[in-house]
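**Student:** Just model-v2.cif, nothing more (mmCIF, C-alpha atoms):
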data_data
loop_
_atom_site.label_atom_id
_atom_site.label_comp_id
_atom_site.auth_asym_id
_atom_site.auth_seq_id
_atom_site.Cartn_x
_atom_site.Cartn_y
_atom_site.Cartn_z
CA MET A 1 -23.56 23.54 0.60
CA ALA A 2 -25.39 23.56 3.92
CA GLU A 3 -28.02 21.03 2.92
CA ASP A 4 -27.76 17.40 3.87
CA PHE A 5 -27.15 16.14 0.34
CA GLN A 6 -26.63 12.52 1.40
CA GLY A 7 -29.88 12.51 3.38
CA ILE A 8 -31.80 14.06 0.49
CA ALA A 9 -30.28 11.52 -1.89
CA THR A 10 -31.15 8.57 0.33
CA GLN A 11 -34.76 9.73 0.68
CA PHE A 12 -35.05 10.49 -3.00
CA VAL A 13 -33.75 7.10 -4.13
CA ALA A 14 -36.08 5.22 -1.77
CA HIS A 15 -39.04 7.24 -3.08
CA TYR A 16 -37.96 6.85 -6.70
CA TYR A 17 -37.70 3.05 -6.70
CA ASN A 18 -40.79 2.61 -4.57
CA THR A 19 -42.70 4.66 -7.13
CA PHE A 20 -41.09 2.80 -10.04
CA ASP A 21 -42.00 -0.58 -8.55
CA THR A 22 -45.59 0.31 -7.63
CA ASP A 23 -46.88 2.93 -10.11
CA ARG A 24 -44.49 3.82 -12.92
CA LYS A 25 -46.63 6.58 -14.38
CA ALA A 26 -46.39 8.51 -11.12
CA LEU A 27 -42.68 9.02 -11.84
CA ALA A 28 -43.80 11.98 -13.99
CA GLY A 29 -43.90 14.14 -10.85
CA LEU A 30 -40.15 13.72 -10.36
CA TYR A 31 -39.18 15.14 -13.78
CA ARG A 32 -39.68 18.50 -15.51
CA GLU A 33 -39.85 19.68 -19.13
CA ASN A 34 -36.07 20.01 -19.37
CA SER A 35 -35.26 16.66 -17.72
CA MET A 36 -33.16 14.16 -19.65
CA LEU A 37 -33.19 10.37 -19.57
CA THR A 38 -30.68 8.04 -21.23
CA PHE A 39 -32.05 4.52 -20.83
CA GLN A 40 -29.78 1.82 -22.24
CA SER A 41 -28.46 4.54 -24.60
CA ALA A 42 -31.97 5.60 -25.77
CA GLN A 43 -32.56 9.31 -25.12
CA CYS A 44 -35.76 11.01 -23.93
CA LEU A 45 -36.37 14.68 -23.14
CA GLY A 46 -39.05 15.96 -20.76
CA ALA A 47 -41.29 14.45 -18.10
CA ALA A 48 -43.94 13.22 -20.58
CA ALA A 49 -41.53 11.36 -22.89
CA ILE A 50 -39.58 9.94 -19.97
CA THR A 51 -42.71 8.63 -18.25
CA GLU A 52 -43.94 7.15 -21.53
CA LYS A 53 -40.61 5.34 -21.86
CA PHE A 54 -40.90 3.82 -18.40
CA VAL A 55 -44.56 2.86 -18.79
CA SER A 56 -43.85 1.18 -22.14
CA LEU A 57 -41.10 -1.10 -20.82
CA PRO A 58 -42.05 -4.69 -21.65
CA PHE A 59 -42.68 -6.11 -18.20
CA GLN A 60 -45.62 -6.12 -15.81
CA THR A 61 -43.80 -5.97 -12.51
CA VAL A 62 -40.33 -4.92 -11.46
CA LYS A 63 -38.52 -4.89 -8.14
CA HIS A 64 -35.38 -2.83 -7.60
CA GLN A 65 -32.94 -3.68 -4.83
CA TYR A 66 -29.88 -1.56 -4.20
CA SER A 67 -27.20 -1.59 -1.58
CA GLY A 68 -26.76 2.14 -1.32
CA ALA A 69 -26.81 5.50 -3.04
CA ASP A 70 -23.59 7.55 -3.01
CA ALA A 71 -24.13 11.28 -3.33
CA GLN A 72 -22.03 14.43 -3.80
CA PRO A 73 -22.94 18.11 -4.11
CA THR A 74 -22.52 19.60 -7.61
CA PRO A 75 -21.32 23.05 -8.71
CA ASN A 76 -24.83 24.40 -9.31
CA GLY A 77 -26.18 23.47 -5.89
CA GLY A 78 -27.49 20.14 -7.15
CA ILE A 79 -26.79 16.58 -6.06
CA ILE A 80 -25.23 13.79 -8.12
CA ILE A 81 -26.11 10.23 -7.10
CA LEU A 82 -24.82 6.85 -8.23
CA VAL A 83 -26.93 3.80 -7.47
CA THR A 84 -25.84 0.22 -8.14
CA GLY A 85 -28.22 -2.62 -7.57
CA GLN A 86 -30.22 -5.48 -8.96
CA LEU A 87 -33.68 -5.69 -10.45
CA GLN A 88 -36.10 -8.52 -11.04
CA VAL A 89 -38.75 -8.32 -13.72
CA ASP A 90 -42.00 -10.31 -13.67
CA GLY A 91 -40.81 -12.28 -10.67
CA GLY A 92 -37.98 -13.90 -12.62
CA GLU A 93 -35.38 -15.91 -10.75
CA HIS A 94 -32.34 -14.19 -12.20
CA PRO A 95 -31.82 -10.63 -11.05
CA LEU A 96 -30.09 -8.23 -13.44
CA GLY A 97 -27.39 -5.87 -12.26
CA TYR A 98 -27.93 -2.20 -13.03
CA SER A 99 -26.43 1.19 -12.37
CA GLN A 100 -28.17 4.54 -12.51
CA ALA A 101 -26.79 8.06 -12.17
CA PHE A 102 -28.99 11.02 -11.26
CA GLN A 103 -28.46 14.71 -10.92
CA LEU A 104 -31.09 16.45 -8.82
CA THR A 105 -31.63 20.19 -8.99
CA LYS A 106 -34.31 22.51 -7.65
CA ASP A 107 -37.12 23.97 -9.73
CA PRO A 108 -38.12 27.66 -9.35
CA SER A 109 -40.48 26.73 -6.50
CA GLY A 110 -37.60 25.13 -4.59
CA GLN A 111 -38.68 21.54 -5.20
CA TRP A 112 -36.06 18.91 -6.06
CA PHE A 113 -36.46 17.21 -9.42
CA ILE A 114 -34.40 14.94 -11.68
CA PHE A 115 -32.47 16.95 -14.25
CA ASN A 116 -30.19 14.10 -15.42
CA ASP A 117 -30.98 10.38 -15.38
CA ILE A 118 -28.76 7.73 -16.98
CA PHE A 119 -29.61 4.03 -16.62
CA ASN A 120 -27.68 0.96 -17.71
CA LEU A 121 -27.93 -2.74 -17.13
CA VAL A 122 -24.62 -4.22 -15.99
CA LEU A 123 -23.98 -7.53 -17.70
CA VAL A 124 -21.05 -9.35 -16.11
CA MET B 125 -25.20 23.76 -25.01
CA ALA B 126 -23.40 24.02 -28.32
CA GLU B 127 -20.49 21.81 -27.39
CA ASP B 128 -20.34 18.18 -28.41
CA PHE B 129 -20.84 16.78 -24.93
CA GLN B 130 -20.96 13.14 -26.07
CA GLY B 131 -17.73 13.53 -28.04
CA ILE B 132 -15.99 15.21 -25.11
CA ALA B 133 -17.23 12.46 -22.78
CA THR B 134 -16.04 9.67 -25.08
CA GLN B 135 -12.57 11.22 -25.41
CA PHE B 136 -12.36 11.92 -21.69
CA VAL B 137 -13.30 8.39 -20.65
CA ALA B 138 -10.78 6.82 -23.04
CA HIS B 139 -8.06 9.10 -21.68
CA TYR B 140 -9.09 8.52 -18.07
CA TYR B 141 -8.93 4.72 -18.16
CA ASN B 142 -5.82 4.65 -20.30
CA THR B 143 -4.13 6.84 -17.68
CA PHE B 144 -5.54 4.75 -14.83
CA ASP B 145 -4.27 1.52 -16.38
CA THR B 146 -0.79 2.80 -17.29
CA ASP B 147 0.20 5.48 -14.75
CA ARG B 148 -2.26 6.07 -11.92
CA LYS B 149 -0.42 9.01 -10.39
CA ALA B 150 -0.87 10.98 -13.62
CA LEU B 151 -4.62 11.08 -12.88
CA ALA B 152 -3.81 14.10 -10.67
CA GLY B 153 -3.95 16.31 -13.75
CA LEU B 154 -7.63 15.51 -14.27
CA TYR B 155 -8.75 16.73 -10.81
CA ARG B 156 -8.60 20.10 -9.01
CA GLU B 157 -8.54 21.20 -5.36
CA ASN B 158 -12.35 21.12 -5.12
CA SER B 159 -12.81 17.74 -6.84
CA MET B 160 -14.63 14.98 -4.98
CA LEU B 161 -14.19 11.22 -5.15
CA THR B 162 -16.43 8.61 -3.55
CA PHE B 163 -14.70 5.25 -4.03
CA GLN B 164 -16.65 2.30 -2.67
CA SER B 165 -18.26 4.81 -0.25
CA ALA B 166 -14.88 6.22 0.93
CA GLN B 167 -14.70 9.98 0.36
CA CYS B 168 -11.69 12.04 -0.78
CA LEU B 169 -11.48 15.77 -1.49
CA GLY B 170 -8.95 17.38 -3.82
CA ALA B 171 -6.55 16.17 -6.51
CA ALA B 172 -3.80 15.18 -4.06
CA ALA B 173 -5.99 13.04 -1.80
CA ILE B 174 -7.78 11.47 -4.76
CA THR B 175 -4.54 10.54 -6.49
CA GLU B 176 -3.14 9.12 -3.24
CA LYS B 177 -6.26 6.95 -2.97
CA PHE B 178 -5.82 5.55 -6.46
CA VAL B 179 -2.07 4.99 -6.08
CA SER B 180 -2.59 3.17 -2.77
CA LEU B 181 -5.09 0.64 -4.14
CA PRO B 182 -3.76 -2.85 -3.38
CA PHE B 183 -2.99 -4.12 -6.87
CA GLN B 184 -0.06 -3.78 -9.26
CA THR B 185 -1.90 -3.75 -12.55
CA VAL B 186 -5.46 -3.04 -13.59
CA LYS B 187 -7.26 -3.13 -16.90
CA HIS B 188 -10.62 -1.39 -17.41
CA GLN B 189 -12.94 -2.44 -20.20
CA TYR B 190 -16.22 -0.64 -20.78
CA SER B 191 -18.89 -0.89 -23.38
CA GLY B 192 -19.72 2.78 -23.59
CA ALA B 193 -20.04 6.07 -21.80
CA ASP B 194 -23.45 7.77 -21.78
CA ALA B 195 -23.32 11.54 -21.38
CA GLN B 196 -25.75 14.42 -20.84
CA PRO B 197 -25.23 18.18 -20.43
CA THR B 198 -25.80 19.52 -16.90
CA PRO B 199 -27.35 22.81 -15.71
CA ASN B 200 -24.01 24.52 -15.07
CA GLY B 201 -22.57 23.82 -18.53
CA GLY B 202 -20.92 20.62 -17.35
CA ILE B 203 -21.24 17.02 -18.52
CA ILE B 204 -22.49 14.04 -16.53
CA ILE B 205 -21.22 10.62 -17.62
CA LEU B 206 -22.15 7.08 -16.57
CA VAL B 207 -19.72 4.29 -17.40
CA THR B 208 -20.43 0.61 -16.80
CA GLY B 209 -17.75 -1.97 -17.45
CA GLN B 210 -15.46 -4.61 -16.10
CA LEU B 211 -11.99 -4.49 -14.63
CA GLN B 212 -9.29 -7.06 -14.10
CA VAL B 213 -6.67 -6.63 -11.39
CA ASP B 214 -3.22 -8.27 -11.48
CA GLY B 215 -4.17 -10.30 -14.53
CA GLY B 216 -6.84 -12.25 -12.63
CA GLU B 217 -9.22 -14.49 -14.53
CA HIS B 218 -12.41 -13.13 -13.05
CA PRO B 219 -13.31 -9.61 -14.14
CA LEU B 220 -15.28 -7.46 -11.70
CA GLY B 221 -18.23 -5.37 -12.83
CA TYR B 222 -18.07 -1.68 -11.98
CA SER B 223 -19.93 1.53 -12.56
CA GLN B 224 -18.58 5.06 -12.36
CA ALA B 225 -20.32 8.41 -12.61
CA PHE B 226 -18.44 11.61 -13.45
CA GLN B 227 -19.36 15.23 -13.70
CA LEU B 228 -16.93 17.28 -15.75
CA THR B 229 -16.81 21.06 -15.51
CA LYS B 230 -14.37 23.68 -16.77
CA ASP B 231 -11.74 25.38 -14.65
CA PRO B 232 -11.15 29.17 -14.95
CA SER B 233 -8.71 28.56 -17.82
CA GLY B 234 -11.40 26.71 -19.77
CA GLN B 235 -9.94 23.23 -19.26
CA TRP B 236 -12.27 20.34 -18.45
CA PHE B 237 -11.68 18.60 -15.13
CA ILE B 238 -13.49 16.08 -12.93
CA PHE B 239 -15.62 17.80 -10.31
CA ASN B 240 -17.58 14.71 -9.21
CA ASP B 241 -16.39 11.10 -9.34
CA ILE B 242 -18.31 8.19 -7.81
CA PHE B 243 -17.06 4.62 -8.25
CA ASN B 244 -18.65 1.33 -7.21
CA LEU B 245 -18.01 -2.31 -7.89
CA VAL B 246 -21.15 -4.13 -9.07
CA LEU B 247 -21.42 -7.50 -7.41
CA VAL B 248 -24.13 -9.60 -9.01
#
Is it possible to express this structure as C-alpha coordinates?
**Tutor:**
Amino acid sequence: MAEDFQGIATQFVAHYYNTFDTDRKALAGLYRENSMLTFQSAQCLGAAAITEKFVSLPFQTVKHQYSGADAQPTPNGGIIILVTGQLQVDGGEHPLGYSQAFQLTKDPSGQWFIFNDIFNLVLV
Amino acid sequence: MAEDFQGIATQFVAHYYNTFDTDRKALAGLYRENSMLTFQSAQCLGAAAITEKFVSLPFQTVKHQYSGADAQPTPNGGIIILVTGQLQVDGGEHPLGYSQAFQLTKDPSGQWFIFNDIFNLVLV
(Lines of atoms letter the chains of each structure in order from A and count residues from 1; the text may use other names and numbers.)
(Lines give C-alpha, C1' and ligand atoms only; values in the text may rest on other atoms or scores of the structure.)
Protein backbone atom coordinates (compact mmCIF):
# COMPACT_ATOMS: atom_id res chain seq x y z
CA MET A 1 0.00 0.00 0.00
CA ALA A 2 1.71 3.14 -1.25
CA GLU A 3 -0.54 5.56 0.60
CA ASP A 4 0.49 7.13 3.87
CA PHE A 5 -2.06 5.26 5.97
CA GLN A 6 -0.81 6.69 9.28
CA GLY A 7 -1.00 10.25 7.96
CA ILE A 8 -4.50 9.69 6.60
CA ALA A 9 -5.56 8.17 9.92
CA THR A 10 -4.14 11.04 11.95
CA GLN A 11 -5.91 13.63 9.78
CA PHE A 12 -9.13 11.67 9.78
CA VAL A 13 -9.25 11.26 13.56
CA ALA A 14 -8.57 14.96 14.17
CA HIS A 15 -11.36 15.88 11.73
CA TYR A 16 -13.74 13.29 13.18
CA TYR A 17 -13.50 14.43 16.81
CA ASN A 18 -13.46 18.09 15.90
CA THR A 19 -16.71 17.53 14.01
CA PHE A 20 -18.16 15.42 16.83
CA ASP A 21 -17.36 18.10 19.41
CA THR A 22 -18.64 21.05 17.38
CA ASP A 23 -21.48 19.85 15.10
CA ARG A 24 -22.47 16.21 15.55
CA LYS A 25 -24.95 16.15 12.68
CA ALA A 26 -22.17 16.97 10.23
CA LEU A 27 -20.69 13.53 10.95
CA ALA A 28 -23.16 12.24 8.33
CA GLY A 29 -20.68 13.19 5.61
CA LEU A 30 -18.15 10.67 6.94
CA TYR A 31 -20.47 7.65 6.62
CA ARG A 32 -22.26 5.95 3.71
CA GLU A 33 -25.38 3.79 3.35
CA ASN A 34 -23.46 0.60 4.15
CA SER A 35 -21.56 2.00 7.15
CA MET A 36 -21.91 0.25 10.50
CA LEU A 37 -21.77 1.65 14.01
CA THR A 38 -21.67 -0.35 17.25
CA PHE A 39 -22.03 2.17 20.08
CA GLN A 40 -21.86 0.63 23.54
CA SER A 41 -23.13 -2.59 21.88
CA ALA A 42 -26.10 -0.84 20.16
CA GLN A 43 -25.97 -1.35 16.38
CA CYS A 44 -26.84 1.16 13.64
CA LEU A 45 -26.61 0.75 9.86
CA GLY A 46 -26.19 3.63 7.41
CA ALA A 47 -25.22 7.28 7.61
CA ALA A 48 -28.73 8.49 8.56
CA ALA A 49 -29.23 6.07 11.48
CA ILE A 50 -25.69 6.57 12.72
CA THR A 51 -25.99 10.36 12.70
CA GLU A 52 -29.37 10.13 14.46
CA LYS A 53 -27.72 8.00 17.15
CA PHE A 54 -24.98 10.57 17.74
CA VAL A 55 -27.35 13.55 17.70
CA SER A 56 -29.67 11.85 20.20
CA LEU A 57 -26.98 11.19 22.81
CA PRO A 58 -28.11 12.77 26.08
CA PHE A 59 -25.59 15.56 26.48
CA GLN A 60 -25.26 19.08 25.16
CA THR A 61 -21.51 19.33 24.81
CA VAL A 62 -18.72 16.81 24.56
CA LYS A 63 -14.96 17.12 24.32
CA HIS A 64 -12.79 14.23 23.15
CA GLN A 65 -9.11 14.07 24.02
CA TYR A 66 -6.93 11.26 22.76
CA SER A 67 -3.25 10.55 22.96
CA GLY A 68 -2.87 9.03 19.54
CA ALA A 69 -4.40 6.99 16.76
CA ASP A 70 -2.62 3.78 15.73
CA ALA A 71 -3.28 2.72 12.16
CA GLN A 72 -2.56 -0.27 9.90
CA PRO A 73 -3.42 -1.02 6.27
CA THR A 74 -6.11 -3.69 5.76
CA PRO A 75 -6.42 -6.41 3.10
CA ASN A 76 -8.93 -4.47 0.99
CA GLY A 77 -6.84 -1.31 0.74
CA GLY A 78 -8.53 0.22 3.76
CA ILE A 79 -7.15 1.51 7.05
CA ILE A 80 -7.91 0.20 10.54
CA ILE A 81 -7.48 2.67 13.41
CA LEU A 82 -7.61 2.27 17.18
CA VAL A 83 -8.09 5.39 19.28
CA THR A 84 -7.95 5.44 23.07
CA GLY A 85 -8.74 8.60 24.95
CA GLN A 86 -10.95 10.44 27.36
CA LEU A 87 -14.12 12.43 26.92
CA GLN A 88 -15.91 15.01 29.02
CA VAL A 89 -19.62 15.61 28.68
CA ASP A 90 -21.36 18.86 29.63
CA GLY A 91 -18.16 20.19 31.14
CA GLY A 92 -18.14 17.54 33.88
CA GLU A 93 -15.08 17.20 36.08
CA HIS A 94 -14.62 13.48 35.63
CA PRO A 95 -13.45 12.41 32.19
CA LEU A 96 -14.51 8.98 30.95
CA GLY A 97 -12.08 6.66 29.23
CA TYR A 98 -13.10 5.39 25.82
CA SER A 99 -11.80 3.37 22.93
CA GLN A 100 -12.97 3.47 19.34
CA ALA A 101 -12.00 1.33 16.35
CA PHE A 102 -12.56 2.47 12.77
CA GLN A 103 -12.06 0.94 9.39
CA LEU A 104 -11.86 3.46 6.58
CA THR A 105 -12.38 2.47 2.96
CA LYS A 106 -12.84 4.44 -0.25
CA ASP A 107 -16.18 5.03 -1.94
CA PRO A 108 -16.52 4.71 -5.75
CA SER A 109 -15.47 8.35 -6.16
CA GLY A 110 -12.23 7.67 -4.28
CA GLN A 111 -13.25 9.45 -1.08
CA TRP A 112 -12.43 7.90 2.29
CA PHE A 113 -15.39 7.06 4.49
CA ILE A 114 -16.04 5.09 7.69
CA PHE A 115 -17.13 1.54 6.91
CA ASN A 116 -16.74 0.16 10.46
CA ASP A 117 -17.06 2.11 13.71
CA ILE A 118 -17.07 0.48 17.16
CA PHE A 119 -17.16 2.63 20.30
CA ASN A 120 -16.91 1.64 23.94
CA LEU A 121 -16.48 3.44 27.21
CA VAL A 122 -13.64 1.98 29.28
CA LEU A 123 -14.62 1.76 32.92
CA VAL A 124 -11.61 0.95 35.09
CA MET B 1 -22.09 -12.11 4.90
CA ALA B 2 -23.82 -15.32 5.87
CA GLU B 3 -21.36 -16.33 8.54
CA ASP B 4 -22.04 -15.70 12.20
CA PHE B 5 -19.40 -13.01 12.62
CA GLN B 6 -20.33 -12.22 16.24
CA GLY B 7 -20.15 -15.90 17.20
CA ILE B 8 -16.79 -16.32 15.47
CA ALA B 9 -15.49 -13.18 17.20
CA THR B 10 -16.66 -14.31 20.64
CA GLN B 11 -15.01 -17.73 20.23
CA PHE B 12 -11.84 -16.21 18.82
CA VAL B 13 -11.42 -13.69 21.64
CA ALA B 14 -11.94 -16.34 24.33
CA HIS B 15 -9.35 -18.56 22.66
CA TYR B 16 -6.93 -15.67 22.13
CA TYR B 17 -6.83 -14.50 25.75
CA ASN B 18 -6.84 -18.02 27.14
CA THR B 19 -3.77 -18.74 25.01
CA PHE B 20 -2.17 -15.43 25.95
CA ASP B 21 -2.65 -16.08 29.66
CA THR B 22 -1.47 -19.71 29.63
CA ASP B 23 1.12 -20.11 26.84
CA ARG B 24 2.06 -16.93 25.00
CA LYS B 25 4.29 -18.60 22.42
CA ALA B 26 1.31 -20.63 21.16
CA LEU B 27 -0.19 -17.36 19.86
CA ALA B 28 2.02 -17.90 16.78
CA GLY B 29 -0.66 -20.18 15.34
CA LEU B 30 -3.13 -17.29 15.18
CA TYR B 31 -0.93 -15.06 12.97
CA ARG B 32 0.55 -15.43 9.47
CA GLU B 33 3.58 -13.97 7.66
CA ASN B 34 1.63 -10.85 6.63
CA SER B 35 0.04 -10.19 10.03
CA MET B 36 0.62 -6.84 11.70
CA LEU B 37 0.81 -5.94 15.38
CA THR B 38 0.93 -2.44 16.85
CA PHE B 39 1.60 -2.86 20.58
CA GLN B 40 1.69 0.41 22.51
CA SER B 41 2.72 2.03 19.19
CA ALA B 42 5.57 -0.48 18.54
CA GLN B 43 5.11 -2.25 15.20
CA CYS B 44 5.82 -5.90 14.36
CA LEU B 45 5.26 -7.76 11.08
CA GLY B 46 4.71 -11.50 10.79
CA ALA B 47 3.87 -14.33 13.18
CA ALA B 48 7.47 -14.86 14.34
CA ALA B 49 8.15 -11.22 15.24
CA ILE B 50 4.74 -10.82 16.85
CA THR B 51 5.16 -13.91 19.00
CA GLU B 52 8.66 -12.81 20.01
CA LYS B 53 7.18 -9.48 21.11
CA PHE B 54 4.58 -11.14 23.30
CA VAL B 55 7.01 -13.66 24.79
CA SER B 56 9.50 -10.90 25.63
CA LEU B 57 7.03 -8.77 27.60
CA PRO B 58 8.48 -8.19 31.07
CA PHE B 59 6.06 -10.15 33.23
CA GLN B 60 5.72 -13.79 34.24
CA THR B 61 1.97 -14.08 34.42
CA VAL B 62 -0.90 -12.10 32.98
CA LYS B 63 -4.65 -12.39 33.29
CA HIS B 64 -7.00 -10.65 30.84
CA GLN B 65 -10.59 -9.92 31.77
CA TYR B 66 -12.96 -8.31 29.31
CA SER B 67 -16.61 -7.49 29.36
CA GLY B 68 -17.33 -8.25 25.74
CA ALA B 69 -16.11 -8.22 22.18
CA ASP B 70 -18.05 -6.16 19.64
CA ALA B 71 -17.75 -7.38 16.06
CA GLN B 72 -18.73 -6.23 12.57
CA PRO B 73 -18.19 -7.74 9.11
CA THR B 74 -15.63 -5.94 6.93
CA PRO B 75 -15.60 -5.27 3.16
CA ASN B 76 -13.23 -8.14 2.36
CA GLY B 77 -15.26 -10.81 4.16
CA GLY B 78 -13.28 -10.36 7.36
CA ILE B 79 -14.34 -9.45 10.89
CA ILE B 80 -13.33 -6.39 12.90
CA ILE B 81 -13.44 -6.74 16.69
CA LEU B 82 -13.00 -4.23 19.51
CA VAL B 83 -12.26 -5.56 22.98
CA THR B 84 -12.07 -3.41 26.10
CA GLY B 85 -11.04 -4.92 29.39
CA GLN B 86 -8.57 -5.07 32.22
CA LEU B 87 -5.40 -7.05 32.75
CA GLN B 88 -3.38 -7.97 35.79
CA VAL B 89 0.32 -8.75 35.54
CA ASP B 90 2.22 -10.91 38.05
CA GLY B 91 -0.78 -11.03 40.35
CA GLY B 92 -0.67 -7.28 41.01
CA GLU B 93 -3.52 -5.63 42.85
CA HIS B 94 -4.13 -2.85 40.37
CA PRO B 95 -5.62 -3.96 37.06
CA LEU B 96 -4.76 -1.92 33.98
CA GLY B 97 -7.41 -0.94 31.44
CA TYR B 98 -6.71 -1.93 27.85
CA SER B 99 -8.31 -1.92 24.46
CA GLN B 100 -7.46 -4.10 21.49
CA ALA B 101 -8.73 -4.06 17.92
CA PHE B 102 -8.44 -7.09 15.63
CA GLN B 103 -9.26 -7.77 12.05
CA LEU B 104 -9.63 -11.46 11.25
CA THR B 105 -9.45 -12.75 7.70
CA LYS B 106 -9.19 -16.24 6.19
CA ASP B 107 -5.99 -17.78 4.88
CA PRO B 108 -6.00 -19.72 1.57
CA SER B 109 -6.99 -22.90 3.44
CA GLY B 110 -10.07 -21.17 4.84
CA GLN B 111 -8.75 -20.81 8.39
CA TRP B 112 -9.31 -17.56 10.27
CA PHE B 113 -6.20 -15.68 11.34
CA ILE B 114 -5.33 -12.24 12.72
CA PHE B 115 -4.41 -9.83 9.94
CA ASN B 116 -4.54 -6.64 12.05
CA ASP B 117 -3.88 -6.36 15.79
CA ILE B 118 -3.63 -3.05 17.65
CA PHE B 119 -3.20 -2.99 21.43
CA ASN B 120 -3.17 -0.05 23.84
CA LEU B 121 -3.27 0.38 27.57
CA VAL B 122 -5.97 2.85 28.65
CA LEU B 123 -4.67 5.11 31.38
CA VAL B 124 -7.47 7.12 32.93
**Student:** With distances taken over all atoms listed in the file, which residue among A:Leu57, A:Ala69, A:Ile81, A:Val62 lies nearest Phe39 of chain A?
**Tutor:**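 Of A:Leu57, A:Ala69, A:Ile81, A:Val62, the one nearest Phe39 of chain A, counting all atoms listed in the file, is A:Leu57.
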**Student:** Step by step, work through what the PyMOL selection byres ((chain B) within 10 of (chain A)) selects in the shown file, and finish by giving those residues as a tab-separated table (two decimals) with C-alpha atoms, keeping the file's coordinate frame.
**Tutor:**
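Resulting contents of result-v5.tsv:
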chain	number	residue	atom	x	y	z
B	158	ASN	CA	-12.35	21.12	-5.12
B	159	SER	CA	-12.81	17.74	-6.84
B	160	MET	CA	-14.63	14.98	-4.98
B	161	LEU	CA	-14.19	11.22	-5.15
B	162	THR	CA	-16.43	8.61	-3.55
B	163	PHE	CA	-14.70	5.25	-4.03
B	164	GLN	CA	-16.65	2.30	-2.67
B	165	SER	CA	-18.26	4.81	-0.25
B	166	ALA	CA	-14.88	6.22	0.93
B	167	GLN	CA	-14.70	9.98	0.36
B	191	SER	CA	-18.89	-0.89	-23.38
B	192	GLY	CA	-19.72	2.78	-23.59
B	193	ALA	CA	-20.04	6.07	-21.80
B	194	ASP	CA	-23.45	7.77	-21.78
B	195	ALA	CA	-23.32	11.54	-21.38
B	196	GLN	CA	-25.75	14.42	-20.84
B	197	PRO	CA	-25.23	18.18	-20.43
B	198	THR	CA	-25.80	19.52	-16.90
B	199	PRO	CA	-27.35	22.81	-15.71
B	200	ASN	CA	-24.01	24.52	-15.07
B	201	GLY	CA	-22.57	23.82	-18.53
B	202	GLY	CA	-20.92	20.62	-17.35
B	203	ILE	CA	-21.24	17.02	-18.52
B	204	ILE	CA	-22.49	14.04	-16.53
B	205	ILE	CA	-21.22	10.62	-17.62
B	206	LEU	CA	-22.15	7.08	-16.57
B	207	VAL	CA	-19.72	4.29	-17.40
B	208	THR	CA	-20.43	0.61	-16.80
B	209	GLY	CA	-17.75	-1.97	-17.45
B	210	GLN	CA	-15.46	-4.61	-16.10
B	218	HIS	CA	-12.41	-13.13	-13.05
B	219	PRO	CA	-13.31	-9.61	-14.14
B	220	LEU	CA	-15.28	-7.46	-11.70
B	221	GLY	CA	-18.23	-5.37	-12.83
B	222	TYR	CA	-18.07	-1.68	-11.98
B	223	SER	CA	-19.93	1.53	-12.56
B	224	GLN	CA	-18.58	5.06	-12.36
B	225	ALA	CA	-20.32	8.41	-12.61
B	226	PHE	CA	-18.44	11.61	-13.45
B	227	GLN	CA	-19.36	15.23	-13.70
B	229	THR	CA	-16.81	21.06	-15.51
B	239	PHE	CA	-15.62	17.80	-10.31
B	240	ASN	CA	-17.58	14.71	-9.21
B	241	ASP	CA	-16.39	11.10	-9.34
B	242	ILE	CA	-18.31	8.19	-7.81
B	243	PHE	CA	-17.06	4.62	-8.25
B	244	ASN	CA	-18.65	1.33	-7.21
B	245	LEU	CA	-18.01	-2.31	-7.89
B	246	VAL	CA	-21.15	-4.13	-9.07
B	247	LEU	CA	-21.42	-7.50	-7.41
B	248	VAL	CA	-24.13	-9.60	-9.01
**Student:** Atom CA of Ala47 of chain A and atom CA of Arg32 of chain A, how far apart in Å?
**Tutor:** 5.1 Å
**Student:** Put a box with edges along x, y and z around all the listed atoms of segment 43-59 of chain A, pad it by 5 Å on each side, then give me its centre and sizes in Å, one decimal, as JSON.
**Tutor:**
{"center_x": -38.6, "center_y": 4.9, "center_z": -21.6, "size_x": 22.0, "size_y": 32.1, "size_z": 17.0}
**Student:** Atom CA of Gly29 of chain A to atom CA of Gln6 of chain A: how many Å, to one decimal?
**Tutor:** 21.2 Å
